[in-house]
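Asks: What follows is a single structure, and I will ask about it in a moment.
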Amino acid sequence: MKYQKELHTALTAARKGGRYVKANWGAASINNFKGSYKDYATKQDIQSNQIIVDIIKKSFPDDYILSEELCPGFEDHDRMWIVDPIDGTRNFAHGIPNFCVSIALWEGGKIRVGAVYAPCLNNELFHAVHGQGAFLNGKRLPRLRPRVALKSSIVATGFFYHNGKELTFSMKHFPLILNKATDMIRSGSAALDLCNVAAGRLGAYYESGIKPWDVAAGCLMITEQKGLYTDYAGNSLDIFRGRTNGFAIEILAAKNRRIHGEIVDILTS
Ligand code: IPD
């Protein structure tokens, strides 16, 4: 089977990074701000990033590694790793267990391997390989229900980086979706939101202003589960959108076409 060495490397790196982060949970300290008081990396983000990069480099010394804290700039490579050493940094820093390590391999225009490890949430470890299915702690995820409607679903979103006009834009959709869904959550980890859609726990997840390392691994879980992810208008999503200027993705992922269509109608209204 293809990509087994890459999967093994992604899982090893996710576990090692995640164990380090868990061991330091409660001792988080801010390393640097990235332009706003909300946007920061902890020392543990940096260290986890280093642990993961070292493991990938050992097995694949020639691969480019795009990573949130050590190498966030886009370079055009046919093959690259995409790493978020702590997705949910603010949760981590505030003692909330909803955070994870997220690692993906991109090759030939597709996400081929994904691993998402939440060390403080029952050690949940999601993984997927393109064409080979999506798994949680080694067990294949259950099939998604194709006919469930928005009114019977919980939807997740996020608005972390938004201020001013952008905040108004994302807040505009919130009550409209809340009125139609069972409920809404803002979990603080896009990677876990996507995994939770793939696992059938959430009906959908949407957010704008997000980056490739937040979503790459989770997007593969979604497609392996026959869910779908697009931009807000329902068009295919370029996960490197805004590549020359720090990235700016808007993503809508849903567990079925019905929920997806209902939310596209709202997001484009
Ligand atoms: C953040 C999380 C959060 C989302 C933010 C992301 P980070 O990632 O995914 O859920 O709302 O937009 O930046 O910074 O914790 O890796």
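By order in the structure tokens, chains are A, B, ...; within a chain, residues start at 1; ligands start at 1, following the order shown.
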Lys139 (chain A): which residues within 10 Å, counting only C-alpha atoms, same-chain residues fewer than 4 positions away excluded, as a list in words?
Replies: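 The residues that qualify are Phe126, His127, Ala134 and Phe135 of chain A.
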Asks: If you keep C-alpha atoms, can you produce a file of those selected residues as an mmCIF file, in the first residue's frame?
Replies:
data_model
loop_
_atom_site.group_PDB
_atom_site.id
_atom_site.type_symbol
_atom_site.label_atom_id
_atom_site.label_comp_id
_atom_site.auth_asym_id
_atom_site.auth_seq_id
_atom_site.Cartn_x
_atom_site.Cartn_y
_atom_site.Cartn_z
ATOM 1 C CA PHE A 126 -7.206 10.404 13.783
ATOM 2 C CA HIS A 127 -5.424 9.353 10.641
ATOM 3 C CA ALA A 134 -10.075 7.544 7.789
ATOM 4 C CA PHE A 135 -9.544 6.080 11.252
#
Asks: What parts of region 115-212 of chain A does DSSP call alpha helix (DSSP H)? I'd like the answer as a PDB file with N, CA, C and O atoms, in the first residue's frame.
Replies:
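Writing the result to result03.pdb gives the following:
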ATOM      1  N   GLY A 164     -12.820  44.206  13.267  1.00  0.00           N
ATOM      2  CA  GLY A 164     -13.431  45.183  12.379  1.00  0.00           C
ATOM      3  C   GLY A 164     -14.382  44.575  11.381  1.00  0.00           C
ATOM      4  O   GLY A 164     -15.236  43.771  11.719  1.00  0.00           O
ATOM      5  N   LYS A 165     -14.185  44.939  10.108  1.00  0.00           N
ATOM      6  CA  LYS A 165     -15.098  44.546   9.035  1.00  0.00           C
ATOM      7  C   LYS A 165     -15.231  43.031   8.908  1.00  0.00           C
ATOM      8  O   LYS A 165     -16.302  42.486   8.699  1.00  0.00           O
ATOM      9  N   GLU A 166     -14.076  42.345   9.031  1.00  0.00           N
ATOM     10  CA  GLU A 166     -14.116  40.885   8.873  1.00  0.00           C
ATOM     11  C   GLU A 166     -14.921  40.227   9.986  1.00  0.00           C
ATOM     12  O   GLU A 166     -15.620  39.249   9.769  1.00  0.00           O
ATOM     13  N   LEU A 167     -14.832  40.798  11.168  1.00  0.00           N
ATOM     14  CA  LEU A 167     -15.594  40.243  12.284  1.00  0.00           C
ATOM     15  C   LEU A 167     -17.092  40.430  12.010  1.00  0.00           C
ATOM     16  O   LEU A 167     -17.894  39.517  12.207  1.00  0.00           O
ATOM     17  N   THR A 168     -17.452  41.594  11.516  1.00  0.00           N
ATOM     18  CA  THR A 168     -18.860  41.856  11.194  1.00  0.00           C
ATOM     19  C   THR A 168     -19.350  40.837  10.173  1.00  0.00           C
ATOM     20  O   THR A 168     -20.450  40.293  10.290  1.00  0.00           O
ATOM     21  N   PHE A 169     -18.491  40.553   9.162  1.00  0.00           N
ATOM     22  CA  PHE A 169     -18.855  39.599   8.115  1.00  0.00           C
ATOM     23  C   PHE A 169     -19.093  38.210   8.721  1.00  0.00           C
ATOM     24  O   PHE A 169     -20.101  37.562   8.455  1.00  0.00           O
ATOM     25  N   SER A 170     -18.179  37.762   9.579  1.00  0.00           N
ATOM     26  CA  SER A 170     -18.369  36.392  10.083  1.00  0.00           C
ATOM     27  C   SER A 170     -19.498  36.342  11.115  1.00  0.00           C
ATOM     28  O   SER A 170     -20.204  35.337  11.211  1.00  0.00           O
ATOM     29  N   MET A 171     -19.700  37.411  11.862  1.00  0.00           N
ATOM     30  CA  MET A 171     -20.795  37.412  12.842  1.00  0.00           C
ATOM     31  C   MET A 171     -22.166  37.447  12.160  1.00  0.00           C
ATOM     32  O   MET A 171     -23.150  36.990  12.726  1.00  0.00           O
ATOM     33  N   LYS A 172     -22.199  37.983  10.950  1.00  0.00           N
ATOM     34  CA  LYS A 172     -23.458  38.077  10.200  1.00  0.00           C
ATOM     35  C   LYS A 172     -24.078  36.679  10.000  1.00  0.00           C
ATOM     36  O   LYS A 172     -25.284  36.496  10.073  1.00  0.00           O
ATOM     37  N   HIS A 173     -23.213  35.692   9.729  1.00  0.00           N
ATOM     38  CA  HIS A 173     -23.737  34.351   9.432  1.00  0.00           C
ATOM     39  C   HIS A 173     -24.133  33.574  10.676  1.00  0.00           C
ATOM     40  O   HIS A 173     -24.921  32.647  10.606  1.00  0.00           O
ATOM     41  N   PHE A 174     -23.521  33.949  11.773  1.00  0.00           N
ATOM     42  CA  PHE A 174     -23.676  33.149  12.990  1.00  0.00           C
ATOM     43  C   PHE A 174     -25.148  32.978  13.399  1.00  0.00           C
ATOM     44  O   PHE A 174     -25.625  31.840  13.531  1.00  0.00           O
ATOM     45  N   PRO A 175     -25.901  34.072  13.591  1.00  0.00           N
ATOM     46  CA  PRO A 175     -27.305  33.876  14.012  1.00  0.00           C
ATOM     47  C   PRO A 175     -28.144  33.185  12.952  1.00  0.00           C
ATOM     48  O   PRO A 175     -29.084  32.445  13.279  1.00  0.00           O
ATOM     49  N   LEU A 176     -27.798  33.384  11.680  1.00  0.00           N
ATOM     50  CA  LEU A 176     -28.599  32.776  10.602  1.00  0.00           C
ATOM     51  C   LEU A 176     -28.454  31.251  10.646  1.00  0.00           C
ATOM     52  O   LEU A 176     -29.437  30.509  10.485  1.00  0.00           O
ATOM     53  N   ILE A 177     -27.230  30.798  10.896  1.00  0.00           N
ATOM     54  CA  ILE A 177     -27.016  29.346  10.981  1.00  0.00           C
ATOM     55  C   ILE A 177     -27.550  28.807  12.303  1.00  0.00           C
ATOM     56  O   ILE A 177     -28.213  27.771  12.347  1.00  0.00           O
ATOM     57  N   LEU A 178     -27.325  29.565  13.363  1.00  0.00           N
ATOM     58  CA  LEU A 178     -27.824  29.141  14.680  1.00  0.00           C
ATOM     59  C   LEU A 178     -29.336  28.945  14.670  1.00  0.00           C
ATOM     60  O   LEU A 178     -29.865  28.021  15.280  1.00  0.00           O
ATOM     61  N   ASN A 179     -30.019  29.797  13.930  1.00  0.00           N
ATOM     62  CA  ASN A 179     -31.484  29.689  13.830  1.00  0.00           C
ATOM     63  C   ASN A 179     -31.933  28.414  13.154  1.00  0.00           C
ATOM     64  O   ASN A 179     -33.043  27.948  13.337  1.00  0.00           O
ATOM     65  N   LYS A 180     -31.048  27.852  12.302  1.00  0.00           N
ATOM     66  CA  LYS A 180     -31.462  26.666  11.523  1.00  0.00           C
ATOM     67  C   LYS A 180     -30.870  25.365  12.031  1.00  0.00           C
ATOM     68  O   LYS A 180     -31.346  24.289  11.685  1.00  0.00           O
ATOM     69  N   ALA A 190      -9.563  24.209  14.620  1.00  0.00           N
ATOM     70  CA  ALA A 190     -10.137  23.884  13.314  1.00  0.00           C
ATOM     71  C   ALA A 190      -9.871  22.431  12.929  1.00  0.00           C
ATOM     72  O   ALA A 190     -10.741  21.749  12.374  1.00  0.00           O
ATOM     73  N   ALA A 191      -8.656  21.952  13.228  1.00  0.00           N
ATOM     74  CA  ALA A 191      -8.305  20.570  12.855  1.00  0.00           C
ATOM     75  C   ALA A 191      -9.249  19.589  13.548  1.00  0.00           C
ATOM     76  O   ALA A 191      -9.734  18.629  12.927  1.00  0.00           O
ATOM     77  N   LEU A 192      -9.530  19.834  14.829  1.00  0.00           N
ATOM     78  CA  LEU A 192     -10.447  18.928  15.537  1.00  0.00           C
ATOM     79  C   LEU A 192     -11.884  19.104  15.057  1.00  0.00           C
ATOM     80  O   LEU A 192     -12.641  18.137  14.998  1.00  0.00           O
ATOM     81  N   ASP A 193     -12.268  20.333  14.714  1.00  0.00           N
ATOM     82  CA  ASP A 193     -13.615  20.526  14.165  1.00  0.00           C
ATOM     83  C   ASP A 193     -13.795  19.674  12.909  1.00  0.00           C
ATOM     84  O   ASP A 193     -14.816  19.002  12.734  1.00  0.00           O
ATOM     85  N   LEU A 194     -12.783  19.686  12.040  1.00  0.00           N
ATOM     86  CA  LEU A 194     -12.878  18.897  10.806  1.00  0.00           C
ATOM     87  C   LEU A 194     -12.929  17.400  11.115  1.00  0.00           C
ATOM     88  O   LEU A 194     -13.719  16.660  10.521  1.00  0.00           O
ATOM     89  N   CYS A 195     -12.114  16.959  12.056  1.00  0.00           N
ATOM     90  CA  CYS A 195     -12.145  15.531  12.432  1.00  0.00           C
ATOM     91  C   CYS A 195     -13.511  15.174  13.013  1.00  0.00           C
ATOM     92  O   CYS A 195     -14.025  14.070  12.780  1.00  0.00           O
ATOM     93  N   ASN A 196     -14.083  16.100  13.753  1.00  0.00           N
ATOM     94  CA  ASN A 196     -15.398  15.815  14.346  1.00  0.00           C
ATOM     95  C   ASN A 196     -16.516  15.797  13.295  1.00  0.00           C
ATOM     96  O   ASN A 196     -17.505  15.092  13.462  1.00  0.00           O
ATOM     97  N   VAL A 197     -16.335  16.539  12.217  1.00  0.00           N
ATOM     98  CA  VAL A 197     -17.272  16.399  11.092  1.00  0.00           C
ATOM     99  C   VAL A 197     -17.068  15.023  10.454  1.00  0.00           C
ATOM    100  O   VAL A 197     -18.027  14.279  10.208  1.00  0.00           O
ATOM    101  N   ALA A 198     -15.809  14.665  10.237  1.00  0.00           N
ATOM    102  CA  ALA A 198     -15.506  13.367   9.606  1.00  0.00           C
ATOM    103  C   ALA A 198     -16.027  12.206  10.445  1.00  0.00           C
ATOM    104  O   ALA A 198     -16.423  11.168   9.909  1.00  0.00           O
ATOM    105  N   PRO A 212      -3.412  26.900   5.884  1.00  0.00           N
ATOM    106  CA  PRO A 212      -3.348  25.494   5.457  1.00  0.00           C
ATOM    107  C   PRO A 212      -3.041  24.521   6.589  1.00  0.00           C
ATOM    108  O   PRO A 212      -3.580  23.413   6.632  1.00  0.00           O
TER     109      PRO A 212
END
Asks: Find the spatial neighbours of Asn235 (chain A), counting only C-alpha atoms, within a cut-off of 12 Å - ignore same-chain residues fewer than 6 positions away - and output them as a PyMOL selection string.
Replies: chain A and resi 228-229+250-253+260-261+264+268
Asks: Quick one: write out the picked residues with N, CA and C atoms as a compact mmCIF listing (two decimals), in the first residue's frame?
Replies:
# COMPACT_ATOMS: atom_id res chain seq x y z
N LEU A 228 -17.71 16.60 2.35
CA LEU A 228 -17.16 17.52 1.37
C LEU A 228 -16.68 18.80 2.01
N TYR A 229 -15.64 19.36 1.39
CA TYR A 229 -15.19 20.69 1.82
C TYR A 229 -14.99 21.56 0.60
N GLU A 250 -11.17 30.46 3.12
CA GLU A 250 -12.48 30.32 3.74
C GLU A 250 -12.95 28.91 3.43
N ILE A 251 -13.35 28.22 4.46
CA ILE A 251 -13.67 26.80 4.30
C ILE A 251 -15.04 26.48 4.87
N LEU A 252 -15.75 25.64 4.14
CA LEU A 252 -17.00 25.06 4.65
C LEU A 252 -16.88 23.55 4.44
N ALA A 253 -16.91 22.80 5.53
CA ALA A 253 -16.87 21.33 5.44
C ALA A 253 -18.17 20.80 6.02
N HIS A 260 -24.44 20.81 3.55
CA HIS A 260 -23.56 21.70 2.82
C HIS A 260 -24.37 22.73 2.02
N GLY A 261 -25.38 22.24 1.31
CA GLY A 261 -26.20 23.14 0.49
C GLY A 261 -26.95 24.15 1.36
N VAL A 264 -24.35 26.75 2.40
CA VAL A 264 -23.92 27.60 1.26
C VAL A 264 -24.99 28.68 1.02
N THR A 268 -23.87 32.62 1.29
CA THR A 268 -23.85 33.44 0.07
C THR A 268 -25.03 34.40 0.02
Asks: Which residues are near ligand 1 in this structure, taking near to mean any atom at most 8 Å from a ligand atom and counting only C-alpha atoms and all ligand atoms? Format them as a PyMOL selection string.
Replies: chain A and resi 39-41+68+84-91+99+157-161+186-191+193+207-211+213-215
Asks: With a distance cut-off of 9 Å and only C-alpha atoms, select the neighbouring residues of Leu136 (chain A), excluding the residue or stretch itself and same-chain residues fewer than 4 positions from it, and output the selection as a list in words.
Replies: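 That gives Glu124, Leu125, Phe126, His127, Ala128, Arg140, Leu141 and Ala199 of chain A.
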Asks: Nearest to Ser59 (chain A) among A:Arg258, A:Lys34, A:Lys151, A:Lys5, with distances taken over only C-alpha atoms: which residue is it?
Replies: A:Lys5
Asks: As a ChimeraX atom specification, please: every residue in region 46-220 of chain A that DSSP puts in strand (DSSP E).
Replies: /A:64-67,79-87,100-107,110-118,124-129,133-136,139-140,154-157,183-185,204-210
